>>> print(open('query-v9.txt').read())   # compact mmCIF, C-alpha atoms and all ligand atoms
# COMPACT_ATOMS: atom_id res chain seq x y z
CA MET A 14 83.45 -70.49 -204.72
CA ILE A 15 80.20 -68.79 -205.60
CA GLN A 16 78.70 -67.18 -202.54
CA ARG A 17 75.60 -65.02 -202.24
CA ALA A 18 73.72 -63.77 -199.26
CA ILE A 19 70.02 -64.65 -199.36
CA THR A 20 68.01 -62.21 -197.29
CA LEU A 21 64.40 -62.82 -196.47
CA THR A 22 62.01 -60.78 -194.40
CA PHE A 23 59.04 -62.38 -192.72
CA GLU A 24 56.05 -60.68 -191.17
CA HIS A 25 55.06 -62.46 -188.00
CA ARG A 26 51.48 -61.42 -187.18
CA ILE A 27 49.69 -62.23 -183.94
CA VAL A 28 46.09 -61.05 -183.75
CA PHE A 29 44.09 -61.13 -180.52
CA THR A 30 40.35 -61.40 -180.74
CA HIS A 31 37.18 -62.71 -179.11
CA GLY A 32 34.68 -64.91 -180.91
CA ALA A 33 36.70 -65.37 -184.11
CA PHE A 34 33.86 -67.34 -185.73
CA SER A 35 31.01 -65.04 -184.83
CA GLY A 36 29.69 -63.64 -188.10
CA ALA A 37 30.52 -60.01 -187.37
CA ASN A 38 34.17 -60.72 -186.56
CA LEU A 39 36.16 -59.93 -189.70
CA THR A 40 39.61 -60.91 -188.41
CA LEU A 41 39.98 -64.19 -190.28
CA ARG A 42 38.05 -63.06 -193.33
CA ASP A 43 40.21 -59.98 -193.80
CA LEU A 44 43.51 -61.72 -193.13
CA ILE A 45 42.80 -64.37 -195.72
CA ALA A 46 41.01 -62.19 -198.24
CA GLU A 47 43.88 -59.71 -198.32
CA ALA A 48 46.48 -62.35 -199.08
CA ALA A 49 44.22 -64.14 -201.52
CA GLU A 50 43.47 -60.99 -203.51
CA LEU A 51 45.76 -62.01 -206.33
CA ASP A 52 44.53 -65.58 -206.35
CA GLY A 53 40.78 -65.07 -206.09
CA ARG A 54 38.84 -66.52 -203.15
CA GLY A 55 41.08 -67.88 -200.40
CA ARG A 56 40.68 -71.65 -200.23
CA VAL A 57 40.84 -72.91 -196.67
CA LEU A 58 41.07 -76.29 -194.99
CA VAL A 59 40.19 -76.09 -191.28
CA VAL A 60 41.54 -78.74 -188.91
CA LEU A 61 40.62 -78.77 -185.26
CA GLU A 62 41.39 -80.93 -182.27
CA ASP A 63 38.63 -83.03 -180.79
CA GLY A 64 39.42 -81.97 -177.18
CA LEU A 65 37.85 -78.59 -177.93
CA LEU A 66 34.43 -79.92 -178.77
CA ALA A 67 33.27 -80.78 -175.24
CA GLY A 68 33.61 -77.14 -174.14
CA ASN A 69 32.64 -75.69 -177.55
CA PRO A 70 30.03 -78.11 -178.92
CA ASN A 71 28.88 -75.78 -181.73
CA LEU A 72 32.36 -74.95 -182.98
CA GLY A 73 32.17 -76.98 -186.22
CA GLU A 74 28.80 -75.46 -187.08
CA SER A 75 29.96 -71.91 -186.28
CA ILE A 76 32.95 -72.34 -188.59
CA VAL A 77 30.76 -73.55 -191.47
CA CYS A 78 28.32 -70.61 -190.90
CA TYR A 79 31.22 -68.14 -190.75
CA PHE A 80 32.59 -69.22 -194.11
CA ASP A 81 29.14 -69.28 -195.58
CA ARG A 82 28.50 -65.70 -194.50
CA HIS A 83 31.81 -64.55 -196.02
CA ARG A 84 31.74 -66.75 -199.09
CA ASP A 85 32.43 -63.77 -201.36
CA ALA A 86 36.03 -63.77 -200.10
CA ILE A 87 36.84 -67.08 -198.42
CA ASP A 88 36.12 -70.63 -199.40
CA LEU A 89 35.92 -73.51 -196.95
CA VAL A 90 36.87 -76.57 -198.99
CA ALA A 91 35.20 -79.07 -196.63
CA GLU A 92 33.65 -79.35 -193.19
CA PRO A 93 36.29 -78.92 -190.50
CA MET A 94 38.43 -82.01 -190.08
CA VAL A 95 38.45 -83.15 -186.44
CA LEU A 96 41.51 -85.04 -185.19
CA PRO A 97 42.86 -86.02 -181.77
CA GLY A 98 45.08 -83.52 -179.94
CA GLY A 99 47.20 -83.47 -176.80
CA GLU A 100 50.77 -84.76 -176.68
CA ALA A 101 49.66 -88.21 -177.95
CA CYS A 102 48.86 -86.73 -181.38
CA LYS A 103 52.53 -85.86 -181.85
CA ASN A 104 53.43 -89.54 -181.41
CA ASP A 105 51.06 -90.74 -184.12
CA TRP A 106 52.64 -90.51 -187.56
CA SER A 107 49.41 -91.69 -189.19
CA LEU A 108 47.89 -88.29 -188.32
CA VAL A 109 50.56 -86.51 -190.36
CA GLU A 110 49.66 -88.70 -193.32
CA LYS A 111 45.95 -88.08 -192.74
CA LEU A 112 46.55 -84.34 -192.91
CA TRP A 113 48.70 -84.65 -196.05
CA ARG A 114 45.99 -86.80 -197.65
CA ALA A 115 43.33 -84.17 -196.89
CA ILE A 116 45.56 -81.43 -198.31
CA GLU A 117 46.07 -83.47 -201.47
CA PHE A 118 42.42 -84.53 -201.76
CA HIS A 119 41.07 -80.98 -201.48
CA GLY A 120 43.67 -79.51 -203.83
CA ILE A 121 45.11 -77.25 -201.15
CA CYS A 122 48.10 -75.52 -202.81
CA ARG A 123 50.80 -73.09 -201.71
CA HIS A 124 48.35 -70.23 -202.23
CA SER A 125 45.64 -71.84 -200.09
CA PHE A 126 45.44 -71.91 -196.31
CA VAL A 127 45.32 -74.42 -193.49
CA ILE A 128 43.74 -73.11 -190.29
CA ALA A 129 44.76 -75.23 -187.29
CA ILE A 130 42.73 -74.85 -184.08
CA GLY A 131 43.84 -76.54 -180.87
CA GLY A 132 46.41 -76.78 -178.10
CA GLY A 133 50.15 -76.40 -178.67
CA ALA A 134 50.58 -80.09 -179.44
CA PHE A 135 47.90 -80.09 -182.13
CA ILE A 136 49.29 -76.88 -183.64
CA ASP A 137 52.74 -78.52 -183.78
CA LEU A 138 51.31 -81.53 -185.61
CA ALA A 139 49.17 -79.59 -188.07
CA GLY A 140 51.93 -77.00 -188.53
CA PHE A 141 54.41 -79.71 -189.45
CA ALA A 142 52.03 -81.28 -191.97
CA ALA A 143 51.27 -77.88 -193.53
CA ALA A 144 54.95 -76.86 -193.64
CA THR A 145 55.99 -80.02 -195.46
CA ALA A 146 53.08 -80.43 -197.91
CA HIS A 147 54.09 -78.80 -201.22
CA ARG A 148 57.12 -77.46 -199.29
CA GLY A 149 54.89 -75.18 -197.28
CA ILE A 150 51.26 -74.14 -197.22
CA ARG A 151 50.17 -70.92 -195.54
CA LEU A 152 49.22 -71.76 -191.98
CA VAL A 153 46.93 -69.81 -189.68
CA ARG A 154 47.49 -71.00 -186.13
CA MET A 155 44.66 -70.66 -183.66
CA PRO A 156 46.11 -71.84 -180.33
CA THR A 157 43.54 -72.57 -177.64
CA THR A 158 45.48 -72.92 -174.36
CA THR A 159 47.08 -70.21 -172.22
CA LEU A 160 50.46 -71.86 -172.78
CA SER A 161 50.13 -71.94 -176.54
CA GLN A 162 48.56 -68.47 -176.86
CA GLY A 163 51.23 -66.84 -174.74
CA ASP A 164 54.25 -68.99 -175.61
CA GLY A 165 54.51 -72.06 -177.89
CA GLY A 166 51.77 -71.22 -180.38
CA VAL A 167 53.23 -67.82 -181.24
CA GLY A 168 56.64 -69.27 -182.11
CA VAL A 169 58.06 -70.19 -185.50
CA LYS A 170 58.65 -73.91 -185.18
CA ASN A 171 56.64 -77.06 -185.38
CA GLY A 172 57.40 -80.69 -184.76
CA VAL A 173 56.27 -84.19 -184.00
CA ASN A 174 57.87 -86.83 -181.81
CA PHE A 175 59.89 -89.63 -183.39
CA PHE A 176 62.29 -92.35 -182.20
CA GLY A 177 60.61 -91.81 -178.82
CA LYS A 178 62.12 -88.31 -178.74
CA LYS A 179 60.21 -85.06 -178.46
CA ASN A 180 60.08 -82.84 -181.54
CA TRP A 181 62.65 -84.99 -183.32
CA ILE A 182 61.08 -84.17 -186.71
CA GLY A 183 60.06 -80.63 -187.44
CA THR A 184 60.78 -77.42 -189.24
CA PHE A 185 61.23 -73.74 -188.56
CA CYS A 186 58.49 -71.97 -190.44
CA VAL A 187 56.93 -68.57 -189.79
CA PRO A 188 53.15 -69.00 -189.88
CA PHE A 189 51.02 -66.85 -192.16
CA ALA A 190 49.31 -65.53 -189.01
CA VAL A 191 48.47 -66.48 -185.44
CA VAL A 192 44.94 -65.71 -184.29
CA ASN A 193 44.56 -65.90 -180.53
CA ASP A 194 40.85 -66.14 -179.75
CA LEU A 195 40.79 -65.50 -176.01
CA ASP A 196 37.30 -66.98 -175.73
CA PHE A 197 38.79 -70.45 -176.13
CA LEU A 198 40.43 -70.07 -172.72
CA LYS A 199 37.01 -70.19 -171.05
CA SER A 200 36.67 -73.92 -171.60
CA LEU A 201 40.14 -74.76 -170.26
CA PRO A 202 40.31 -76.67 -166.98
CA GLU A 203 41.73 -74.56 -164.14
CA ARG A 204 45.03 -76.39 -163.96
CA ALA A 205 45.74 -76.03 -167.69
CA CYS A 206 44.65 -72.40 -167.57
CA ARG A 207 47.09 -71.57 -164.77
CA ASP A 208 49.99 -73.15 -166.65
CA GLY A 209 50.37 -70.25 -169.08
CA LEU A 210 50.98 -67.81 -166.23
CA ILE A 211 54.39 -69.24 -165.50
CA GLU A 212 55.65 -68.50 -169.01
CA ALA A 213 54.38 -64.94 -168.55
CA ILE A 214 56.38 -64.62 -165.32
CA LYS A 215 59.37 -66.21 -167.05
CA VAL A 216 59.41 -63.81 -169.97
CA SER A 217 58.84 -60.81 -167.66
CA LEU A 218 61.98 -61.84 -165.77
CA LEU A 219 63.94 -62.09 -169.00
CA ARG A 220 62.78 -58.89 -170.67
CA ASP A 221 60.31 -56.65 -168.89
CA ARG A 222 60.46 -55.49 -165.28
CA PRO A 223 57.26 -53.34 -165.47
CA PHE A 224 55.38 -56.43 -166.67
CA PHE A 225 56.73 -58.37 -163.68
CA GLU A 226 55.46 -55.58 -161.43
CA TYR A 227 52.07 -55.70 -163.16
CA LEU A 228 51.85 -59.45 -162.55
CA GLU A 229 52.80 -58.85 -158.91
CA SER A 230 50.09 -56.25 -158.52
CA LYS A 231 47.49 -58.59 -160.01
CA ALA A 232 48.61 -61.79 -158.27
CA PRO A 233 45.39 -62.38 -156.28
CA GLY A 234 43.24 -61.99 -159.41
CA LEU A 235 45.61 -64.14 -161.44
CA ARG A 236 45.44 -66.85 -158.80
CA ARG A 237 41.66 -66.85 -159.26
CA LEU A 238 42.22 -66.84 -163.06
CA GLU A 239 40.14 -63.70 -163.48
CA THR A 240 39.56 -62.86 -167.12
CA GLU A 241 40.96 -59.33 -167.26
CA PRO A 242 44.42 -59.85 -165.74
CA LEU A 243 44.68 -63.31 -167.31
CA GLU A 244 44.09 -61.95 -170.80
CA ARG A 245 46.51 -59.08 -170.27
CA ALA A 246 49.15 -61.49 -168.99
CA ILE A 247 48.75 -63.79 -172.00
CA ARG A 248 48.79 -60.89 -174.45
CA ARG A 249 51.98 -59.37 -173.06
CA SER A 250 53.60 -62.78 -172.75
CA ALA A 251 52.93 -63.45 -176.44
CA GLU A 252 54.25 -60.03 -177.37
CA LEU A 253 57.47 -60.50 -175.43
CA HIS A 254 58.00 -63.97 -176.87
CA VAL A 255 57.54 -62.59 -180.38
CA ASP A 256 59.84 -59.64 -179.60
CA HIS A 257 62.48 -62.11 -178.59
CA ILE A 258 62.07 -64.15 -181.78
CA ALA A 259 62.11 -61.02 -183.96
CA THR A 260 65.00 -59.21 -182.29
CA SER A 261 67.33 -61.81 -180.77
CA GLY A 262 69.13 -62.32 -184.06
CA ASP A 263 68.60 -66.08 -183.93
CA PRO A 264 64.95 -66.85 -184.75
CA PHE A 265 65.79 -70.26 -186.18
CA GLU A 266 68.01 -71.23 -183.23
CA PHE A 267 71.32 -71.81 -184.95
CA GLY A 268 73.21 -70.94 -181.76
CA SER A 269 73.17 -72.90 -178.49
CA ALA A 270 71.50 -70.29 -176.31
CA ARG A 271 67.77 -70.48 -175.82
CA PRO A 272 66.81 -67.83 -173.27
CA LEU A 273 63.10 -68.53 -173.56
CA ASP A 274 63.93 -71.89 -171.99
CA PHE A 275 64.86 -70.30 -168.65
CA GLY A 276 64.05 -72.85 -165.94
CA HIS A 277 63.39 -75.52 -168.55
CA TRP A 278 66.35 -77.86 -167.99
CA VAL A 279 64.80 -79.06 -164.73
CA ALA A 280 61.29 -78.76 -166.17
CA HIS A 281 61.84 -81.08 -169.16
CA LYS A 282 63.41 -83.70 -166.91
CA LEU A 283 60.74 -83.39 -164.22
CA GLU A 284 57.95 -83.83 -166.78
CA GLN A 285 59.72 -86.94 -168.06
CA VAL A 286 60.50 -88.44 -164.62
CA SER A 287 56.90 -87.88 -163.52
CA ARG A 288 55.64 -89.37 -166.81
CA PHE A 289 53.90 -86.04 -167.38
CA ALA A 290 51.94 -86.20 -164.09
CA VAL A 291 53.60 -82.83 -163.45
CA SER A 292 52.34 -80.47 -166.18
CA HIS A 293 54.67 -78.29 -168.23
CA GLY A 294 53.69 -75.13 -166.37
CA GLU A 295 54.07 -76.75 -162.96
CA ALA A 296 57.46 -78.15 -163.98
CA VAL A 297 58.65 -74.77 -165.28
CA ALA A 298 57.62 -73.13 -161.98
CA ILE A 299 59.77 -75.62 -160.09
CA GLY A 300 62.59 -75.41 -162.64
CA MET A 301 62.70 -71.64 -162.36
CA ALA A 302 62.70 -71.93 -158.56
CA VAL A 303 65.73 -74.26 -158.66
CA ASP A 304 67.63 -71.90 -160.96
CA LEU A 305 66.66 -68.87 -158.85
CA LEU A 306 67.77 -70.52 -155.59
CA TYR A 307 70.99 -71.61 -157.28
CA SER A 308 71.60 -68.03 -158.44
CA MET A 309 70.91 -66.74 -154.92
CA ARG A 310 73.43 -69.24 -153.51
CA ILE A 311 76.21 -68.29 -155.90
CA GLY A 312 75.61 -64.59 -155.23
CA LEU A 313 74.37 -63.83 -158.73
CA LEU A 314 70.87 -62.85 -157.61
CA PRO A 315 70.25 -60.80 -154.45
CA GLN A 316 68.33 -62.78 -151.79
CA ARG A 317 65.56 -60.20 -151.58
CA THR A 318 64.96 -60.23 -155.33
CA GLY A 319 64.99 -64.02 -155.48
CA GLU A 320 62.52 -64.24 -152.62
CA ARG A 321 60.26 -61.69 -154.29
CA ILE A 322 60.15 -63.76 -157.49
CA LEU A 323 59.51 -67.01 -155.63
CA GLN A 324 56.67 -65.34 -153.75
CA LEU A 325 55.01 -64.23 -156.98
CA ILE A 326 55.22 -67.75 -158.43
CA GLU A 327 53.56 -69.11 -155.29
CA ALA A 328 51.05 -66.28 -155.09
CA VAL A 329 49.60 -67.08 -158.53
CA GLY A 330 49.06 -70.65 -157.35
CA PHE A 331 52.08 -72.79 -158.20
CA ARG A 332 53.38 -75.33 -155.76
CA LEU A 333 57.15 -75.15 -155.62
CA TRP A 334 57.87 -78.75 -154.83
CA SER A 335 57.31 -82.14 -156.37
CA GLU A 336 58.05 -85.51 -154.83
CA PHE A 337 59.52 -86.47 -158.22
CA LEU A 338 62.48 -84.19 -157.48
CA ASP A 339 63.64 -86.81 -154.99
CA ARG A 340 63.53 -89.71 -157.47
CA VAL A 341 66.97 -91.29 -157.53
CA ASP A 342 68.76 -92.95 -160.44
CA GLU A 343 69.37 -96.44 -159.09
CA SER A 344 72.63 -96.93 -160.97
CA THR A 345 74.25 -93.74 -159.64
CA GLY A 346 72.30 -93.06 -156.42
CA ARG A 347 71.90 -89.42 -157.51
CA PRO A 348 68.66 -87.49 -158.10
CA MET A 349 67.41 -88.24 -161.61
CA ILE A 350 66.78 -84.59 -162.17
CA LEU A 351 70.52 -83.90 -162.45
CA ALA A 352 70.63 -85.72 -165.79
CA GLY A 353 68.48 -82.86 -167.08
CA LEU A 354 71.53 -80.64 -167.56
CA GLY A 355 73.28 -83.04 -169.95
CA GLU A 356 70.06 -83.75 -171.81
CA PHE A 357 69.37 -80.04 -172.16
CA ARG A 358 72.80 -79.55 -173.75
CA GLU A 359 72.16 -82.42 -176.19
CA HIS A 360 68.74 -81.02 -177.00
CA LEU A 361 70.14 -77.60 -177.95
CA GLY A 362 73.31 -78.97 -179.48
CA GLY A 363 76.74 -77.42 -178.95
CA GLN A 364 77.92 -76.01 -175.67
CA LEU A 365 75.78 -76.15 -172.51
CA THR A 366 74.12 -72.74 -172.25
CA ILE A 367 71.83 -71.94 -169.35
CA THR A 368 70.06 -68.63 -168.92
CA LEU A 369 69.99 -67.14 -165.42
CA ILE A 370 68.50 -63.95 -164.01
CA PRO A 371 70.80 -61.49 -162.17
CA GLU A 372 67.93 -59.02 -161.71
CA ILE A 373 64.30 -58.71 -162.74
CA GLY A 374 64.16 -57.92 -166.46
CA ARG A 375 67.73 -58.97 -167.34
CA LYS A 376 69.29 -62.28 -168.27
CA ILE A 377 72.78 -63.71 -168.53
CA GLU A 378 74.12 -66.94 -169.95
CA VAL A 379 76.36 -69.39 -168.13
CA HIS A 380 78.04 -72.47 -169.53
CA GLU A 381 78.23 -74.62 -166.46
CA MET A 382 76.28 -75.25 -163.31
CA ASP A 383 77.98 -76.59 -160.26
CA GLU A 384 76.36 -79.88 -159.24
CA ALA A 385 76.84 -79.32 -155.51
CA GLY A 386 75.18 -75.91 -155.91
CA VAL A 387 72.21 -77.46 -157.71
CA LEU A 388 71.84 -80.08 -154.96
CA ALA A 389 71.97 -77.34 -152.33
CA ALA A 390 69.32 -75.38 -154.25
CA LEU A 391 67.12 -78.48 -154.24
CA ASP A 392 67.58 -78.68 -150.46
CA ASP A 393 66.64 -75.02 -150.15
CA LEU A 394 63.51 -75.68 -152.15
CA ARG A 395 62.57 -78.69 -150.04
CA GLN A 396 63.04 -76.68 -146.88
CA ARG A 397 61.23 -73.70 -148.28
CA TYR A 398 58.26 -75.80 -149.32
CA GLY A 399 58.01 -77.19 -145.78
CA VAL A 400 58.13 -73.69 -144.37
CA ALA A 401 55.76 -72.25 -146.96
CA ALA A 402 53.24 -75.03 -146.32
CA GLU A 403 53.35 -74.33 -142.57
CA VAL A 404 52.71 -70.63 -142.90
CA GLY A 405 49.99 -71.28 -145.44
CA LEU A 406 51.61 -69.72 -148.51
CA VAL A 407 50.62 -72.82 -150.42
CA PRO A 408 47.65 -75.00 -149.56
CA ALA A 409 48.57 -77.78 -147.12
CA GLY A 410 48.90 -81.10 -148.94
CA GLY A 411 50.12 -79.32 -152.05
CA GLY A 412 46.87 -77.82 -153.29
CA ARG A 413 46.37 -78.55 -156.93
CA LYS A 414 47.56 -81.93 -158.11
N1 LIG B 1 56.25 -75.02 -181.58
C1 LIG B 1 56.77 -74.42 -180.53
O1 LIG B 1 57.50 -73.44 -180.66
C2 LIG B 1 56.45 -74.92 -179.16
C3 LIG B 1 56.92 -74.22 -178.05
C4 LIG B 1 56.55 -74.67 -176.78
C5 LIG B 1 55.78 -75.82 -176.66
N2 LIG B 1 55.37 -76.50 -177.78
C6 LIG B 1 54.59 -77.73 -177.70
O2 LIG B 1 53.28 -77.44 -177.25
C7 LIG B 1 52.76 -78.62 -176.66
C8 LIG B 1 52.04 -78.24 -175.39
O3 LIG B 1 50.97 -77.42 -175.71
P1 LIG B 1 49.81 -77.07 -174.67
O4 LIG B 1 50.42 -76.69 -173.40
O5 LIG B 1 48.89 -76.15 -175.35
O6 LIG B 1 49.15 -78.49 -174.37
P2 LIG B 1 48.28 -79.50 -175.25
O7 LIG B 1 48.23 -79.12 -176.68
O8 LIG B 1 48.78 -80.87 -174.93
O9 LIG B 1 46.83 -79.29 -174.65
C9 LIG B 1 46.56 -79.65 -173.32
C10 LIG B 1 45.17 -80.26 -173.20
O10 LIG B 1 44.19 -79.24 -173.30
C11 LIG B 1 43.16 -79.60 -174.22
N3 LIG B 1 42.67 -78.33 -174.75
C12 LIG B 1 43.28 -77.50 -175.62
N4 LIG B 1 42.56 -76.36 -175.74
C13 LIG B 1 41.48 -76.48 -174.95
C14 LIG B 1 40.38 -75.62 -174.64
N5 LIG B 1 40.31 -74.39 -175.15
N6 LIG B 1 39.45 -76.07 -173.77
C15 LIG B 1 39.55 -77.30 -173.20
N7 LIG B 1 40.58 -78.14 -173.45
C16 LIG B 1 41.52 -77.73 -174.31
C17 LIG B 1 43.86 -80.50 -175.19
O11 LIG B 1 42.93 -81.37 -175.80
C18 LIG B 1 44.84 -81.25 -174.30
O12 LIG B 1 44.20 -82.35 -173.71
C19 LIG B 1 53.91 -79.56 -176.43
O13 LIG B 1 53.84 -80.61 -177.37
C20 LIG B 1 55.14 -78.71 -176.70
O14 LIG B 1 56.21 -79.44 -177.24
C21 LIG B 1 55.69 -76.05 -179.01
ZN ZN B 2 57.83 -73.73 -171.64
>>> encode(input="query-v9.txt", output="structure tokens")
Amino acid sequence: MIQRAITLTFEHRIVFTHGAFSGANLTLRDLIAEAAELDGRGRVLVVLEDGLLAGNPNLGESIVCYFDRHRDAIDLVAEPMVLPGGEACKNDWSLVEKLWRAIEFHGICRHSFVIAIGGGAFIDLAGFAAATAHRGIRLVRMPTTTLSQGDGGVGVKNGVNFFGKKNWIGTFCVPFAVVNDLDFLKSLPERACRDGLIEAIKVSLLRDRPFFEYLESKAPGLRRLETEPLERAIRRSAELHVDHIATSGDPFEFGSARPLDFGHWVAHKLEQVSRFAVSHGEAVAIGMAVDLLYSMRIGLLPQRTGERILQLIEAVGFRLWSEFLDRVDESTGRPMILAGLGEFREHLGGQLTITLIPEIGRKIEVHEMDEAGVLAALDDLRQRYGVAAEVGLVPAGGGRK
């Protein structure tokens, strides 16, 4: 046997900025110029999702002007390529081929750059195309939603859906850089903007009690999606997600634990059962509530702490109930949501591993969840929602759809 260890070190850079394409902002220019120093001017293909254009009608023009102004160092090979985004883009294999064709046509090589601008779904699509063309082209991700800036977009994987399954094809690949332009959040609809807050609460529970306390102190402003606390929440959320990736010892997820998916076994199933009428953020809020109530029931999490966390989730504007939780599998007569546990195990591979919270800022892993306990937690949630609605903690009628 010949055996050698291959050790690689990656730099994972996340830059926060405002107005990335205003002429005076040197973030992108400097990032690319520095890496391209050996190769001459950095050649760049920009791809952006069409959903951005309604709220940012001059985006394409600003990008062209930006590259023109900095043409001494960076070279835009063509006008930005506009493609559809949203989850549907990950189901359309022809878009992967379109991106590969553009990369080939413009002679984008392993020393060139693809800049992908859009929501998490679009970044996944463009990231996959860039990672597989020539076995990997440098990718600059520019996520444009709160969820992708604070969570998915700062990660190290990409993927598209195949065989009707989410992220069935994809790679682990550390991007060249992530540039979070917080100005993009201004054009997000309120509901999509709120979604990112739940991942911030999630990661505070897993890793950072002072951050949880900060979010608590800013809950009224966060509920109104005020710029200052929102930006701080997204920034810290991104930082904690990246800290986890860099320090957990398993950035490419070889093991079966995935702590960043706290609350996600219910969430994935609820999104699916509701045919995505419940958004990811809304589903994670409910999923975390089920796991918290379960933990309170089994004595893992003190009642007072659990209640405090649930109150923060509600205070920033999430409704902790969905009628889809009561959808029953006709063949078994049991809530469909229960199948989420088995599917979560399959998704991760290996042994079922669920992350729970024994106290704010600390996580543990368990390998089974008692079905009767989960059903009781669902009852607690149902009851709690009724009570919360009566005392006005959440808007009567459920508030946001
Ligand atoms: N790669 C990873 O590590 C990772 C991790 C978590 C999630 N994800 C993936 O991310 C995707 C979800 O991403 P998302 O939550 O950003 O949703 P999304 O990409 O589906 O975007 C939501 C909607 O917002 C629109 N939009 C995006 N930016 C906008 C802006 N600034 N203004 C107005 N509208 C805008 C989009 O067109 C879309 O309709 C899923 O496919 C999920 O699988 C990936
Ligand atoms: Zn999530």
>>> residues_around(input="query-v9.txt", residues="Ala190 in chain A", least_positions_apart="3", cutoff="10 Å", atoms="all atoms listed in the file", output="list in words")
Glu24, His25, Arg26, Ile27, Val28, Leu41, Leu44, Ile45, Ile128, Arg151, Leu152, Val153, Arg154, Met155, Val167, Val187 and Asn193 of chain A
>>> residues_near_ligand(input="query-v9.txt", ligand="ligand ZN 2 (chain B)", cutoff="12 Å", atoms="all atoms listed in the file", output="JSON, numbers by chain")
{"A": [133, 159, 160, 161, 162, 163, 164, 165, 166, 168, 208, 209, 210, 211, 212, 213, 214, 215, 216, 250, 254, 271, 272, 273, 274, 275, 276, 277, 278, 279, 280, 281, 284, 292, 293, 294, 295, 296, 297, 298, 299, 300, 301]}
>>> residues_near_ligand(input="query-v9.txt", ligand="ligand LIG 1 (chain B)", cutoff="6 Å", atoms="all atoms listed in the file", output="list in words")
Gly64, Leu65, Gly68, Gly98, Gly99, Glu100, Gly131, Gly132, Gly133, Ala134, Phe135, Asp137, Thr157, Thr158, Leu160, Ser161, Gly165, Gly166, Gly168, Val169, Lys170, Asn171, Phe197, Leu198, Ser200 and Leu201 of chain A
>>> write_last_selection(input="query-v9.txt", atoms="C-alpha atoms", output="compact mmCIF listing (two decimals), in the frame of the given file")
# COMPACT_ATOMS: atom_id res chain seq x y z
CA GLY A 64 39.42 -81.97 -177.18
CA LEU A 65 37.85 -78.59 -177.93
CA GLY A 68 33.61 -77.14 -174.14
CA GLY A 98 45.08 -83.52 -179.94
CA GLY A 99 47.20 -83.47 -176.80
CA GLU A 100 50.77 -84.76 -176.68
CA GLY A 131 43.84 -76.54 -180.87
CA GLY A 132 46.41 -76.78 -178.10
CA GLY A 133 50.15 -76.40 -178.67
CA ALA A 134 50.58 -80.09 -179.44
CA PHE A 135 47.90 -80.09 -182.13
CA ASP A 137 52.74 -78.52 -183.78
CA THR A 157 43.54 -72.57 -177.64
CA THR A 158 45.48 -72.92 -174.36
CA LEU A 160 50.46 -71.86 -172.78
CA SER A 161 50.13 -71.94 -176.54
CA GLY A 165 54.51 -72.06 -177.89
CA GLY A 166 51.77 -71.22 -180.38
CA GLY A 168 56.64 -69.27 -182.11
CA VAL A 169 58.06 -70.19 -185.50
CA LYS A 170 58.65 -73.91 -185.18
CA ASN A 171 56.64 -77.06 -185.38
CA PHE A 197 38.79 -70.45 -176.13
CA LEU A 198 40.43 -70.07 -172.72
CA SER A 200 36.67 -73.92 -171.60
CA LEU A 201 40.14 -74.76 -170.26
>>> closest_residue(input="query-v9.txt", among="A:Ile150, A:Ser335, A:Gly120, A:Pro97", to="Leu138 in chain A", atoms="all atoms listed in the file")
A:Pro97
>>> closest_residue(input="query-v9.txt", among="A:Leu112, A:Leu338, A:Ala139, A:Leu89", to="Ile350 in chain A", atoms="all atoms listed in the file")
A:Leu338
>>> atom_distance(input="query-v9.txt", atom1="CA of Gly55 in chain A", atom2="CA of Ser125 in chain A")
6.0 Å
>>> residues_around(input="query-v9.txt", residues="range 146-149 of chain A", least_positions_apart="2", cutoff="9 Å", atoms="all atoms listed in the file", output="ChimeraX atom specification")
/A:113,116-117,122-123,141-144,151-152,186
>>> residues_around(input="query-v9.txt", residues="Gly374 in chain A", least_positions_apart="4", cutoff="6 Å", atoms="all atoms listed in the file", output="list in words")
Leu218, Leu219, Arg220, Asp221 and Arg222 of chain A
>>> residues_around(input="query-v9.txt", residues="Leu306 in chain A", least_positions_apart="5", cutoff="12 Å", atoms="all atoms listed in the file", output="count of residues only")
33
>>> closest_residue(input="query-v9.txt", among="A:His83, A:Lys103, A:Arg375, A:Arg204", to="Trp181 in chain A", atoms="only C-alpha atoms")
A:Lys103
>>> atom_distance(input="query-v9.txt", atom1="CA of Val341 in chain A", atom2="CA of Ala270 in chain A")
28.5 Å
>>> residues_near_point(input="query-v9.txt", point="(60.6, -56.6, -174.1)", cutoff="8 Å", atoms="only C-alpha atoms", output="list of chain:residue names")
A:Ser217, A:Arg220, A:Asp221, A:Glu252, A:Leu253, A:Asp256, A:His257
>>> closest_residue(input="query-v9.txt", among="A:Leu283, A:Val192, A:Ala259, A:Leu325", to="Phe225 in chain A", atoms="all atoms listed in the file")
A:Leu325
>>> closest_residue(input="query-v9.txt", among="A:Gly140, A:Ala86, A:Lys199, A:Glu110", to="Ala67 in chain A", atoms="all atoms listed in the file")
A:Lys199
>>> residues_around(input="query-v9.txt", residues="Asp194 in chain A", least_positions_apart="6", cutoff="7 Å", atoms="all atoms listed in the file", output="PDB file with C-alpha atoms, in the coordinates of the input")
ATOM      1  CA  PHE A  29      44.090 -61.130-180.520  1.00  0.00           C
ATOM      2  CA  THR A  30      40.350 -61.400-180.740  1.00  0.00           C
ATOM      3  CA  HIS A  31      37.180 -62.710-179.110  1.00  0.00           C
ATOM      4  CA  GLY A  32      34.680 -64.910-180.910  1.00  0.00           C
ATOM      5  CA  ALA A  33      36.700 -65.370-184.110  1.00  0.00           C
TER       6      ALA A  33
END
